[in-house]
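Student: The structure file my_file26.txt (compact mmCIF, C-alpha atoms) is provided below.
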# COMPACT_ATOMS: atom_id res chain seq x y z
CA MET A 613 -223.26 6.27 -138.32
CA ILE A 614 -220.74 6.36 -141.19
CA THR A 615 -222.27 8.08 -144.20
CA SER A 616 -219.22 8.91 -146.33
CA THR A 617 -216.66 6.75 -148.11
CA HIS A 618 -214.07 9.34 -147.02
CA ASN A 619 -214.46 8.27 -143.40
CA PRO A 620 -210.98 7.56 -141.92
CA LEU A 621 -212.04 4.15 -140.58
CA LEU A 622 -213.04 3.06 -144.09
CA LYS A 623 -209.65 4.15 -145.44
CA ASP A 624 -208.11 2.08 -142.65
CA ILE A 625 -210.26 -0.92 -143.62
CA ARG A 626 -209.17 -0.70 -147.24
CA ARG A 627 -205.57 -0.72 -146.02
CA ILE A 628 -206.30 -3.71 -143.76
CA ALA A 629 -207.90 -5.57 -146.69
CA ARG A 630 -204.60 -5.13 -148.53
CA ARG A 631 -202.95 -6.82 -145.53
CA ARG A 632 -200.41 -4.14 -144.73
CA ASP A 633 -200.58 -4.90 -140.99
CA GLY A 634 -201.49 -7.81 -138.72
CA ARG A 635 -205.23 -7.41 -139.14
CA PHE A 636 -207.63 -8.82 -141.69
CA VAL A 637 -211.15 -8.31 -142.99
CA ALA A 638 -214.07 -10.76 -143.01
CA GLU A 639 -217.06 -9.80 -145.13
CA GLY A 640 -220.63 -11.04 -144.88
CA GLU A 641 -222.87 -12.46 -142.21
CA ASP A 642 -221.71 -16.07 -142.53
CA LEU A 643 -218.03 -15.30 -141.95
CA VAL A 644 -218.70 -12.91 -139.07
CA ALA A 645 -221.04 -15.49 -137.51
CA ALA A 646 -218.28 -18.12 -137.86
CA ALA A 647 -215.85 -15.77 -136.10
CA ASP A 648 -218.38 -15.16 -133.31
CA ALA A 649 -218.99 -18.89 -132.93
CA ALA A 650 -215.24 -19.51 -132.63
CA GLY A 651 -214.88 -16.77 -130.01
CA TRP A 652 -213.06 -14.18 -132.09
CA ARG A 653 -213.68 -10.56 -131.01
CA PRO A 654 -213.69 -8.06 -133.89
CA VAL A 655 -211.49 -4.97 -133.72
CA HIS A 656 -214.12 -3.17 -135.81
CA LYS A 657 -217.56 -4.29 -136.90
CA LEU A 658 -219.59 -2.38 -139.48
CA GLU A 659 -223.26 -3.24 -139.88
CA ALA A 660 -225.38 -1.75 -142.67
CA GLY A 661 -228.00 0.57 -141.24
CA VAL A 662 -226.59 0.25 -137.71
CA ASN A 663 -223.28 2.09 -137.73
CA ILE A 664 -222.73 2.55 -141.46
CA ASP A 665 -224.86 3.61 -144.39
CA ALA A 666 -225.68 0.52 -146.50
CA ALA A 667 -224.54 2.13 -149.78
CA VAL A 668 -221.22 3.14 -148.21
CA LEU A 669 -220.63 -0.39 -146.89
CA ASP A 670 -221.33 -1.79 -150.37
CA LYS A 671 -218.54 0.39 -151.72
CA VAL A 672 -215.92 -0.63 -149.15
CA SER A 673 -216.76 -4.35 -149.38
CA SER A 674 -215.23 -6.54 -152.07
CA LEU A 675 -218.50 -8.51 -152.08
CA GLY A 676 -220.19 -5.45 -153.55
CA SER A 677 -223.89 -4.80 -153.42
CA GLY A 678 -225.90 -6.12 -150.48
CA THR A 679 -223.09 -6.66 -147.95
CA ARG A 680 -224.68 -6.40 -144.51
CA VAL A 681 -221.67 -6.74 -142.26
CA LEU A 682 -217.88 -6.43 -142.39
CA ALA A 683 -215.54 -6.98 -139.46
CA VAL A 684 -211.83 -6.59 -138.79
CA TYR A 685 -209.82 -9.11 -136.72
CA GLU A 686 -206.27 -9.47 -135.47
CA GLU A 687 -204.55 -12.37 -137.26
CA ARG A 688 -203.52 -15.33 -135.07
CA PHE A 689 -200.73 -17.76 -135.77
CA ALA A 690 -200.38 -20.94 -133.71
CA ALA A 691 -197.50 -23.42 -133.52
CA PRO A 692 -197.59 -26.34 -136.00
CA THR A 693 -199.36 -29.17 -134.12
CA GLY A 694 -200.54 -32.72 -134.75
CA PRO A 695 -201.56 -35.45 -134.62
CA LEU A 696 -203.07 -34.59 -138.01
CA CYS A 697 -201.64 -31.62 -139.90
CA VAL A 698 -201.58 -30.28 -143.47
CA ALA A 699 -198.65 -28.15 -144.65
CA LEU A 700 -198.84 -26.09 -147.84
CA TRP A 701 -195.67 -25.34 -149.79
CA GLY A 702 -195.88 -22.96 -152.75
CA VAL A 703 -199.69 -23.01 -152.95
CA ARG A 704 -200.18 -19.53 -154.37
CA ASP A 705 -203.90 -19.68 -155.09
CA PRO A 706 -205.80 -18.15 -152.12
CA GLY A 707 -208.95 -20.09 -153.02
CA ASN A 708 -207.03 -23.36 -152.64
CA VAL A 709 -205.58 -22.22 -149.30
CA GLY A 710 -209.07 -21.39 -148.03
CA THR A 711 -210.48 -24.69 -149.29
CA VAL A 712 -207.70 -26.62 -147.53
CA LEU A 713 -208.59 -24.80 -144.27
CA ARG A 714 -212.15 -25.95 -144.77
CA SER A 715 -211.15 -29.57 -145.43
CA ALA A 716 -208.82 -29.48 -142.44
CA LEU A 717 -211.77 -28.47 -140.25
CA ALA A 718 -214.06 -31.08 -141.81
CA PHE A 719 -211.59 -33.92 -141.27
CA GLY A 720 -210.41 -32.81 -137.83
CA ALA A 721 -206.84 -31.69 -138.58
CA ALA A 722 -205.11 -30.08 -135.59
CA SER A 723 -203.47 -27.34 -137.65
CA VAL A 724 -202.75 -26.06 -141.15
CA VAL A 725 -199.19 -24.89 -141.76
CA ILE A 726 -198.52 -22.11 -144.26
CA GLY A 727 -195.11 -22.81 -145.79
CA PRO A 728 -192.97 -20.70 -148.14
CA GLY A 729 -194.56 -19.30 -151.30
CA THR A 730 -198.11 -19.95 -150.08
CA ALA A 731 -200.97 -17.45 -150.30
CA ASP A 732 -201.90 -15.41 -147.23
CA PRO A 733 -204.51 -17.44 -145.26
CA PHE A 734 -205.98 -14.18 -143.90
CA GLY A 735 -206.37 -12.50 -147.31
CA VAL A 736 -209.95 -11.71 -148.33
CA LYS A 737 -210.16 -14.50 -150.94
CA ALA A 738 -208.70 -17.20 -148.68
CA VAL A 739 -210.94 -16.17 -145.76
CA ARG A 740 -213.99 -16.35 -148.02
CA ALA A 741 -213.01 -19.72 -149.54
CA SER A 742 -212.47 -21.09 -146.03
CA MET A 743 -216.17 -20.45 -145.31
CA GLY A 744 -215.13 -19.42 -141.80
CA ALA A 745 -212.81 -22.38 -141.15
CA VAL A 746 -209.95 -19.87 -140.80
CA PHE A 747 -211.47 -18.97 -137.43
CA ALA A 748 -211.80 -22.58 -136.27
CA VAL A 749 -208.59 -24.32 -137.40
CA PRO A 750 -205.24 -23.25 -135.90
CA VAL A 751 -203.11 -21.67 -138.64
CA ALA A 752 -199.33 -21.93 -138.28
CA ARG A 753 -196.26 -20.88 -140.25
CA ALA A 754 -193.11 -22.83 -141.03
CA ALA A 755 -190.03 -22.25 -143.15
CA ALA A 756 -188.67 -25.81 -143.16
CA VAL A 757 -189.96 -29.39 -143.07
CA HIS A 758 -188.24 -30.17 -139.74
CA GLU A 759 -190.66 -27.75 -138.04
CA LEU A 760 -193.64 -29.96 -138.96
CA PRO A 761 -195.26 -32.33 -136.43
CA GLY A 762 -195.11 -36.14 -136.66
CA GLU A 763 -194.15 -38.16 -139.69
CA THR A 764 -193.97 -35.94 -142.76
CA VAL A 765 -195.43 -37.29 -146.00
CA ALA A 766 -194.74 -35.47 -149.27
CA LEU A 767 -197.78 -35.78 -151.51
CA VAL A 768 -196.47 -36.05 -155.06
CA ALA A 769 -198.36 -37.07 -158.22
CA ARG A 770 -197.29 -40.50 -159.52
CA ALA A 771 -194.35 -40.99 -157.13
CA GLY A 772 -193.69 -42.97 -153.97
CA GLU A 773 -196.25 -45.39 -152.54
CA PRO A 774 -200.05 -45.05 -152.78
CA LEU A 775 -201.30 -43.07 -149.78
CA ARG A 776 -203.00 -45.38 -147.31
CA GLY A 777 -204.81 -44.76 -144.04
CA PRO A 778 -205.50 -44.78 -141.24
CA ALA A 779 -202.46 -42.68 -140.46
CA ALA A 780 -201.44 -39.40 -138.87
CA GLY A 781 -198.60 -36.90 -139.21
CA THR A 782 -198.19 -34.04 -141.65
CA LEU A 783 -199.35 -34.13 -145.26
CA VAL A 784 -197.07 -31.81 -147.26
CA VAL A 785 -198.90 -30.47 -150.31
CA GLY A 786 -197.43 -28.40 -153.15
CA ALA A 787 -198.83 -26.42 -156.05
CA GLU A 788 -200.31 -28.58 -158.77
CA ARG A 789 -198.14 -27.40 -161.62
CA GLU A 790 -194.72 -27.13 -160.05
CA GLY A 791 -195.32 -29.82 -157.43
CA LEU A 792 -193.05 -29.92 -154.41
CA ASP A 793 -189.46 -28.78 -154.62
CA GLU A 794 -186.99 -31.71 -154.64
CA ALA A 795 -185.31 -30.42 -151.48
CA VAL A 796 -188.68 -30.35 -149.70
CA VAL A 797 -189.54 -33.88 -150.86
CA GLY A 798 -186.09 -35.06 -149.74
CA ALA A 799 -186.59 -33.57 -146.27
CA CYS A 800 -189.87 -35.45 -145.75
CA ASP A 801 -189.97 -38.88 -144.10
CA ARG A 802 -191.98 -40.49 -146.89
CA VAL A 803 -193.32 -39.82 -150.38
CA ALA A 804 -196.85 -40.88 -151.36
CA HIS A 805 -199.35 -40.31 -154.14
CA ILE A 806 -203.09 -40.48 -154.53
CA ALA A 807 -203.86 -43.18 -157.08
CA ILE A 808 -206.14 -41.70 -159.73
CA ALA A 809 -207.22 -42.89 -163.14
CA SER A 810 -205.84 -39.95 -165.11
CA ASP A 811 -204.79 -36.32 -164.96
CA SER A 812 -204.05 -34.58 -161.67
CA LEU A 813 -205.91 -33.01 -158.77
CA ASN A 814 -205.39 -29.46 -157.59
CA ALA A 815 -203.80 -28.78 -154.20
CA ALA A 816 -207.13 -28.43 -152.41
CA MET A 817 -208.62 -31.61 -153.87
CA ALA A 818 -205.42 -33.59 -153.20
CA ALA A 819 -205.36 -32.41 -149.58
CA THR A 820 -209.07 -33.22 -149.17
CA VAL A 821 -208.69 -36.76 -150.55
CA ALA A 822 -205.53 -37.35 -148.48
CA LEU A 823 -207.22 -36.21 -145.26
CA TYR A 824 -210.16 -38.47 -146.10
CA GLU A 825 -207.87 -41.44 -146.74
CA TRP A 826 -206.04 -40.95 -143.45
CA THR A 827 -209.18 -40.53 -141.36
CA ARG A 828 -211.81 -42.62 -143.17
CA VAL A 829 -211.45 -45.83 -141.21
CA ALA A 830 -211.54 -44.06 -137.85
CA ALA A 831 -214.46 -41.86 -138.90
CA GLN A 832 -216.78 -44.48 -140.33
CA MET B 555 -205.47 -8.57 -187.96
CA ILE B 556 -208.11 -7.19 -185.58
CA THR B 557 -206.99 -3.83 -184.24
CA SER B 558 -210.21 -2.37 -182.84
CA THR B 559 -212.51 -3.41 -180.00
CA HIS B 560 -215.39 -2.35 -182.26
CA ASN B 561 -214.69 -5.28 -184.58
CA PRO B 562 -217.96 -7.22 -185.16
CA LEU B 563 -216.35 -10.57 -184.28
CA LEU B 564 -215.35 -9.23 -180.86
CA LYS B 565 -218.91 -8.06 -180.23
CA ASP B 566 -220.02 -11.56 -181.18
CA ILE B 567 -217.48 -13.07 -178.76
CA ARG B 568 -218.75 -10.92 -175.91
CA ARG B 569 -222.25 -12.17 -176.70
CA ILE B 570 -220.99 -15.78 -176.80
CA ALA B 571 -219.27 -15.31 -173.44
CA ARG B 572 -222.66 -14.34 -172.02
CA ARG B 573 -223.93 -17.69 -173.37
CA ARG B 574 -226.80 -16.43 -175.48
CA ASP B 575 -226.37 -19.21 -178.03
CA GLY B 576 -224.91 -22.70 -178.21
CA ARG B 577 -221.30 -21.59 -178.33
CA PHE B 578 -218.82 -20.86 -175.56
CA VAL B 579 -215.48 -19.19 -174.99
CA ALA B 580 -212.24 -20.70 -173.67
CA GLU B 581 -209.51 -18.25 -172.69
CA GLY B 582 -205.80 -18.87 -172.33
CA GLU B 583 -203.26 -21.25 -173.81
CA ASP B 584 -203.89 -24.10 -171.35
CA LEU B 585 -207.61 -24.34 -172.09
CA VAL B 586 -207.18 -24.04 -175.83
CA ALA B 587 -204.42 -26.68 -175.72
CA ALA B 588 -206.76 -28.97 -173.74
CA ALA B 589 -209.44 -28.48 -176.40
CA ASP B 590 -206.91 -29.28 -179.16
CA ALA B 591 -205.74 -32.39 -177.31
CA ALA B 592 -209.34 -33.59 -176.98
CA GLY B 593 -209.97 -33.01 -180.69
CA TRP B 594 -212.27 -29.98 -180.44
CA ARG B 595 -212.15 -27.68 -183.46
CA PRO B 596 -212.62 -23.98 -182.61
CA VAL B 597 -215.25 -21.93 -184.46
CA HIS B 598 -213.01 -18.89 -183.96
CA LYS B 599 -209.49 -18.64 -182.61
CA LEU B 600 -207.88 -15.30 -181.75
CA GLU B 601 -204.14 -15.23 -181.11
CA ALA B 602 -202.38 -12.10 -179.87
CA GLY B 603 -200.08 -10.72 -182.52
CA VAL B 604 -201.27 -13.24 -185.11
CA ASN B 605 -204.81 -12.26 -186.01
CA ILE B 606 -205.59 -9.77 -183.23
CA ASP B 607 -203.77 -6.89 -181.59
CA ALA B 608 -202.59 -8.01 -178.11
CA ALA B 609 -204.09 -4.96 -176.35
CA VAL B 610 -207.45 -5.56 -178.03
CA LEU B 611 -207.47 -9.23 -177.00
CA ASP B 612 -206.71 -8.19 -173.40
CA LYS B 613 -209.85 -6.06 -173.45
CA VAL B 614 -212.16 -8.76 -174.78
CA SER B 615 -210.81 -11.47 -172.44
CA SER B 616 -212.11 -11.86 -168.90
CA LEU B 617 -208.59 -12.93 -167.90
CA GLY B 618 -207.43 -9.39 -168.63
CA SER B 619 -203.86 -8.43 -169.31
CA GLY B 620 -201.58 -10.93 -170.98
CA THR B 621 -204.14 -13.23 -172.59
CA ARG B 622 -202.47 -14.81 -175.61
CA VAL B 623 -205.28 -16.85 -177.07
CA LEU B 624 -209.07 -17.07 -176.96
CA ALA B 625 -211.20 -19.57 -178.86
CA VAL B 626 -214.89 -20.21 -179.42
CA TYR B 627 -216.40 -23.71 -179.51
CA GLU B 628 -219.81 -25.25 -180.11
CA GLU B 629 -221.15 -26.75 -176.88
CA ARG B 630 -221.64 -30.52 -176.85
CA PHE B 631 -224.08 -32.45 -174.71
CA ALA B 632 -223.85 -36.24 -174.50
CA ALA B 633 -226.31 -38.75 -173.06
CA PRO B 634 -225.89 -39.60 -169.33
CA THR B 635 -223.67 -42.68 -169.28
CA GLY B 636 -221.98 -44.94 -166.74
CA PRO B 637 -220.57 -47.08 -165.29
CA LEU B 638 -219.35 -44.16 -163.14
CA CYS B 639 -221.31 -40.90 -163.28
CA VAL B 640 -221.72 -37.74 -161.19
CA ALA B 641 -224.97 -35.78 -161.34
CA LEU B 642 -225.22 -32.24 -159.98
CA TRP B 643 -228.57 -30.97 -158.70
CA GLY B 644 -228.85 -27.30 -157.70
CA VAL B 645 -225.08 -26.66 -157.71
CA ARG B 646 -225.17 -23.00 -158.64
CA ASP B 647 -221.50 -22.13 -158.17
CA PRO B 648 -219.72 -22.40 -161.56
CA GLY B 649 -216.37 -22.95 -159.82
CA ASN B 650 -217.77 -26.05 -158.14
CA VAL B 651 -219.21 -27.32 -161.42
CA GLY B 652 -215.83 -26.90 -163.12
CA THR B 653 -214.01 -28.58 -160.22
CA VAL B 654 -216.39 -31.56 -160.39
CA LEU B 655 -215.64 -31.89 -164.12
CA ARG B 656 -211.98 -32.00 -163.24
CA SER B 657 -212.45 -34.63 -160.52
CA ALA B 658 -214.64 -36.66 -162.86
CA LEU B 659 -211.78 -36.72 -165.37
CA ALA B 660 -209.19 -37.54 -162.70
CA PHE B 661 -211.20 -40.47 -161.34
CA GLY B 662 -212.36 -41.78 -164.71
CA ALA B 663 -216.08 -40.98 -164.58
CA ALA B 664 -217.89 -41.71 -167.86
CA SER B 665 -220.03 -38.57 -167.72
CA VAL B 666 -221.08 -35.59 -165.60
CA VAL B 667 -224.79 -34.82 -165.61
CA ILE B 668 -225.98 -31.24 -165.19
CA GLY B 669 -229.32 -31.40 -163.36
CA PRO B 670 -231.84 -28.64 -162.61
CA GLY B 671 -230.61 -25.45 -160.95
CA THR B 672 -226.97 -26.16 -161.74
CA ALA B 673 -224.52 -23.62 -163.18
CA ASP B 674 -223.77 -23.67 -166.91
CA PRO B 675 -220.81 -26.06 -167.44
CA PHE B 676 -219.79 -24.05 -170.53
CA GLY B 677 -219.79 -20.67 -168.77
CA VAL B 678 -216.41 -18.90 -168.61
CA LYS B 679 -215.91 -19.56 -164.88
CA ALA B 680 -216.86 -23.24 -165.05
CA VAL B 681 -214.67 -23.82 -168.11
CA ARG B 682 -211.73 -22.17 -166.35
CA ALA B 683 -212.25 -24.12 -163.09
CA SER B 684 -212.43 -27.36 -165.10
CA MET B 685 -208.83 -26.71 -166.27
CA GLY B 686 -209.87 -28.12 -169.62
CA ALA B 687 -211.69 -31.20 -168.29
CA VAL B 688 -214.88 -29.82 -169.88
CA PHE B 689 -213.35 -30.88 -173.23
CA ALA B 690 -212.44 -34.38 -172.06
CA VAL B 691 -215.40 -35.56 -169.96
CA PRO B 692 -218.80 -36.08 -171.63
CA VAL B 693 -221.27 -33.53 -170.22
CA ALA B 694 -224.94 -34.48 -170.17
CA ARG B 695 -228.21 -32.94 -169.05
CA ALA B 696 -231.07 -34.51 -167.11
CA ALA B 697 -234.29 -33.24 -165.58
CA ALA B 698 -235.11 -36.26 -163.40
CA VAL B 699 -233.31 -39.00 -161.45
CA HIS B 700 -234.74 -41.82 -163.58
CA GLU B 701 -232.64 -40.54 -166.51
CA LEU B 702 -229.40 -41.30 -164.62
CA PRO B 703 -227.35 -44.45 -165.34
CA GLY B 704 -226.91 -47.36 -162.92
CA GLU B 705 -227.70 -47.33 -159.22
CA THR B 706 -228.35 -43.76 -158.05
CA VAL B 707 -226.86 -42.74 -154.71
CA ALA B 708 -227.96 -39.46 -153.11
CA LEU B 709 -225.01 -37.94 -151.27
CA VAL B 710 -226.43 -36.25 -148.17
CA ALA B 711 -224.54 -34.93 -145.12
CA ARG B 712 -225.17 -37.03 -142.01
CA ALA B 713 -227.88 -39.28 -143.50
CA GLY B 714 -228.10 -42.82 -144.85
CA GLU B 715 -225.14 -45.20 -144.73
CA PRO B 716 -221.45 -44.23 -144.92
CA LEU B 717 -220.36 -44.23 -148.56
CA ARG B 718 -218.24 -47.29 -149.29
CA GLY B 719 -216.38 -48.44 -152.39
CA PRO B 720 -215.58 -50.02 -154.69
CA ALA B 721 -218.86 -49.24 -156.40
CA ALA B 722 -220.30 -47.72 -159.55
CA GLY B 723 -223.48 -45.95 -160.59
CA THR B 724 -224.42 -42.30 -160.29
CA LEU B 725 -223.43 -40.09 -157.36
CA VAL B 726 -226.11 -37.40 -157.01
CA VAL B 727 -224.64 -34.26 -155.41
CA GLY B 728 -226.53 -31.16 -154.26
CA ALA B 729 -225.58 -27.67 -153.15
CA GLU B 730 -223.92 -27.57 -149.75
CA ARG B 731 -226.40 -25.27 -148.06
CA GLU B 732 -229.74 -26.50 -149.33
CA GLY B 733 -228.60 -30.09 -149.87
CA LEU B 734 -230.70 -32.27 -152.13
CA ASP B 735 -234.42 -31.78 -152.44
CA GLU B 736 -236.42 -34.45 -150.59
CA ALA B 737 -238.13 -35.53 -153.80
CA VAL B 738 -234.72 -36.03 -155.45
CA VAL B 739 -233.41 -38.03 -152.49
CA GLY B 740 -236.59 -40.13 -152.51
CA ALA B 741 -236.16 -40.91 -156.21
CA CYS B 742 -232.60 -42.24 -155.71
CA ASP B 743 -231.93 -45.91 -155.03
CA ARG B 744 -229.82 -45.27 -151.93
CA VAL B 745 -228.75 -42.48 -149.57
CA ALA B 746 -225.17 -42.22 -148.35
CA HIS B 747 -222.89 -39.76 -146.58
CA ILE B 748 -219.20 -39.12 -146.36
CA ALA B 749 -218.16 -39.66 -142.75
CA ILE B 750 -216.27 -36.59 -141.60
CA ALA B 751 -215.22 -35.34 -138.18
CA SER B 752 -217.13 -32.07 -138.26
CA ASP B 753 -218.69 -29.44 -140.48
CA SER B 754 -219.51 -30.13 -144.13
CA LEU B 755 -217.76 -30.27 -147.47
CA ASN B 756 -218.75 -28.22 -150.48
CA ALA B 757 -220.25 -29.92 -153.54
CA ALA B 758 -216.91 -30.20 -155.34
CA MET B 759 -215.07 -31.64 -152.34
CA ALA B 760 -217.89 -34.09 -151.59
CA ALA B 761 -217.96 -35.28 -155.21
CA THR B 762 -214.16 -35.63 -155.24
CA VAL B 763 -214.05 -37.69 -152.05
CA ALA B 764 -217.00 -39.84 -153.19
CA LEU B 765 -215.34 -40.57 -156.55
CA TYR B 766 -212.15 -41.45 -154.70
CA GLU B 767 -213.99 -43.78 -152.33
CA TRP B 768 -215.74 -45.59 -155.18
CA THR B 769 -212.59 -46.02 -157.27
CA ARG B 770 -209.76 -46.23 -154.72
CA VAL B 771 -209.54 -50.01 -154.43
CA ALA B 772 -209.53 -50.52 -158.17
CA ALA B 773 -207.02 -47.75 -158.73
CA GLN B 774 -204.44 -48.67 -156.14
Could you write out this structure as structure tokens?

Tutor:
Amino acid sequence: MITSTHNPLLKDIRRIARRRDGRFVAEGEDLVAAADAAGWRPVHKLEAGVNIDAAVLDKVSSLGSGTRVLAVYEERFAAPTGPLCVALWGVRDPGNVGTVLRSALAFGAASVVIGPGTADPFGVKAVRASMGAVFAVPVARAAAVHELPGETVALVARAGEPLRGPAAGTLVVGAEREGLDEAVVGACDRVAHIAIASDSLNAAMAATVALYEWTRVAAQ
Amino acid sequence: MITSTHNPLLKDIRRIARRRDGRFVAEGEDLVAAADAAGWRPVHKLEAGVNIDAAVLDKVSSLGSGTRVLAVYEERFAAPTGPLCVALWGVRDPGNVGTVLRSALAFGAASVVIGPGTADPFGVKAVRASMGAVFAVPVARAAAVHELPGETVALVARAGEPLRGPAAGTLVVGAEREGLDEAVVGACDRVAHIAIASDSLNAAMAATVALYEWTRVAAQ
């Protein structure tokens, strides 16, 4: 039973939460249950009242008061695979990265590719926003568009053709403000946009709508 | 020039940020610019280096360091109107409420209705997540389904018919975990779901996809 915040394992967990090595932290019963369901074995698992004092766990958890479980896992990167894939380029917001993981799971994408300038998919905020999808969807890395599976479609506001499904390949999504770099757009096979009445969608919403458009006919 | 955090106006702003009266706070240049563009006049406007010391503004802002402007507005509630409307029932997460406001703007909804048990659309987190859409989309309140405009469609995971557009009316969206209350579903004209491969979408993603489905043919 851990009863002190000075416990060496807790110091290690704080370091892991800052992502200084290849491990990451999942906090709360829902995330740990999602990891269990997907067959992930924790490196460490701290349960309030079981092997750690509840008040001490509250202090080490970023969720704060009432956290009942926290577990540490080894990160896993897969190869970029299709038929349906989403690639994120310059998406710095970890909440958007986590939400895209969740949409990818919901719409049956084979992998999510983390491109340059994109938030860490195993960071605490991204893991939480993924609602556990980070354990169920293969996460890959890529440095260039030619590494992506199938036909690559750059999703750009108000450019190219309207996105139409059913289709498969890789949807390449950028940050909402900067959009995709011209060189990245140029390297993609096609350019498409989501036709909307006004304004723009954030990266997570654009990816969600695009996945829906590509899969809606097959799914319904 | 305000140079002290003990200034009475700053105490008032902290109270407003906690939403104890009919005013609300928008922080940051983007939000204040969105309010200006939509014709909202601020009750108070604090600009770093103009009428407030930058370090003092940092302390009063929930954005923290580097905030350049903060403004206070009177909240505005409109009547629920169509033809296209989204109603939120029991959506407690302010980030989701803000994201729905943003999607409503993007897809041209005439109003967003805040139903029972739903987070304050003028709270700091919802305003921020709306990226300024809270100033551009009419926000309404309702206590019962019969107050909603047009045909009411309860959006429920894995129940009813697959949602199909083009259509108009009110999309009634619940929290992802609890879903919609049976009495609310029963009061709606129809029940529909978004066909997805697995898992579920959160309230904001479901509302976004539903708005897209209803407007996609017209828009493209």

Student: Could you please select, counting only C-alpha atoms, the residues of chain A within 9 Å of chain B and state them as a compact mmCIF listing (two decimals) with C-alpha atoms, in the coordinates of the input?

Tutor:
# COMPACT_ATOMS: atom_id res chain seq x y z
CA THR A 711 -210.48 -24.69 -149.29
CA ARG A 714 -212.15 -25.95 -144.77
CA SER A 715 -211.15 -29.57 -145.43
CA LEU A 717 -211.77 -28.47 -140.25
CA ALA A 718 -214.06 -31.08 -141.81
CA PHE A 719 -211.59 -33.92 -141.27
CA GLY A 720 -210.41 -32.81 -137.83
CA PRO A 774 -200.05 -45.05 -152.78
CA ILE A 806 -203.09 -40.48 -154.53
CA ALA A 807 -203.86 -43.18 -157.08
CA ILE A 808 -206.14 -41.70 -159.73
CA ALA A 809 -207.22 -42.89 -163.14
CA SER A 810 -205.84 -39.95 -165.11
CA ASP A 811 -204.79 -36.32 -164.96
CA SER A 812 -204.05 -34.58 -161.67
CA LEU A 813 -205.91 -33.01 -158.77
CA ALA A 816 -207.13 -28.43 -152.41
CA MET A 817 -208.62 -31.61 -153.87
CA THR A 820 -209.07 -33.22 -149.17
CA VAL A 821 -208.69 -36.76 -150.55
CA TYR A 824 -210.16 -38.47 -146.10
CA GLU A 825 -207.87 -41.44 -146.74
CA THR A 827 -209.18 -40.53 -141.36
CA ARG A 828 -211.81 -42.62 -143.17
CA ALA A 831 -214.46 -41.86 -138.90
CA GLN A 832 -216.78 -44.48 -140.33

Student: Report, in Å to a single decimal, how far apart atom CA of A:Tyr685 and atom CA of A:Asp648 are.

Tutor: 11.0 Å

Student: To one decimal place, how far is atom CA of B:Ala746 from atom CA of B:Val691 in Å?

Tutor: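 Result for atom CA of B:Ala746 versus atom CA of B:Val691: 24.6 Å, one decimal.
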
Student: Could you list as a PyMOL selection string every residue that has an atom within 12 Å of (-218.9, -11.9, -143.2), using the file's coordinates and counting all atoms listed in the file?

Tutor: chain A and resi 636-648+654+657-659+673-675+678-685+736-737+739-744+747

Student: Just write the chosen residues, C-alpha atoms, as an mmCIF file, in the frame of the given file.

Tutor:
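Writing done, so here's result14.cif:
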data_model
loop_
_atom_site.group_PDB
_atom_site.id
_atom_site.type_symbol
_atom_site.label_atom_id
_atom_site.label_comp_id
_atom_site.auth_asym_id
_atom_site.auth_seq_id
_atom_site.Cartn_x
_atom_site.Cartn_y
_atom_site.Cartn_z
ATOM 1 C CA PHE A 636 -207.630 -8.820 -141.690
ATOM 2 C CA VAL A 637 -211.150 -8.310 -142.990
ATOM 3 C CA ALA A 638 -214.070 -10.760 -143.010
ATOM 4 C CA GLU A 639 -217.060 -9.800 -145.130
ATOM 5 C CA GLY A 640 -220.630 -11.040 -144.880
ATOM 6 C CA GLU A 641 -222.870 -12.460 -142.210
ATOM 7 C CA ASP A 642 -221.710 -16.070 -142.530
ATOM 8 C CA LEU A 643 -218.030 -15.300 -141.950
ATOM 9 C CA VAL A 644 -218.700 -12.910 -139.070
ATOM 10 C CA ALA A 645 -221.040 -15.490 -137.510
ATOM 11 C CA ALA A 646 -218.280 -18.120 -137.860
ATOM 12 C CA ALA A 647 -215.850 -15.770 -136.100
ATOM 13 C CA ASP A 648 -218.380 -15.160 -133.310
ATOM 14 C CA PRO A 654 -213.690 -8.060 -133.890
ATOM 15 C CA LYS A 657 -217.560 -4.290 -136.900
ATOM 16 C CA LEU A 658 -219.590 -2.380 -139.480
ATOM 17 C CA GLU A 659 -223.260 -3.240 -139.880
ATOM 18 C CA SER A 673 -216.760 -4.350 -149.380
ATOM 19 C CA SER A 674 -215.230 -6.540 -152.070
ATOM 20 C CA LEU A 675 -218.500 -8.510 -152.080
ATOM 21 C CA GLY A 678 -225.900 -6.120 -150.480
ATOM 22 C CA THR A 679 -223.090 -6.660 -147.950
ATOM 23 C CA ARG A 680 -224.680 -6.400 -144.510
ATOM 24 C CA VAL A 681 -221.670 -6.740 -142.260
ATOM 25 C CA LEU A 682 -217.880 -6.430 -142.390
ATOM 26 C CA ALA A 683 -215.540 -6.980 -139.460
ATOM 27 C CA VAL A 684 -211.830 -6.590 -138.790
ATOM 28 C CA TYR A 685 -209.820 -9.110 -136.720
ATOM 29 C CA VAL A 736 -209.950 -11.710 -148.330
ATOM 30 C CA LYS A 737 -210.160 -14.500 -150.940
ATOM 31 C CA VAL A 739 -210.940 -16.170 -145.760
ATOM 32 C CA ARG A 740 -213.990 -16.350 -148.020
ATOM 33 C CA ALA A 741 -213.010 -19.720 -149.540
ATOM 34 C CA SER A 742 -212.470 -21.090 -146.030
ATOM 35 C CA MET A 743 -216.170 -20.450 -145.310
ATOM 36 C CA GLY A 744 -215.130 -19.420 -141.800
ATOM 37 C CA PHE A 747 -211.470 -18.970 -137.430
#
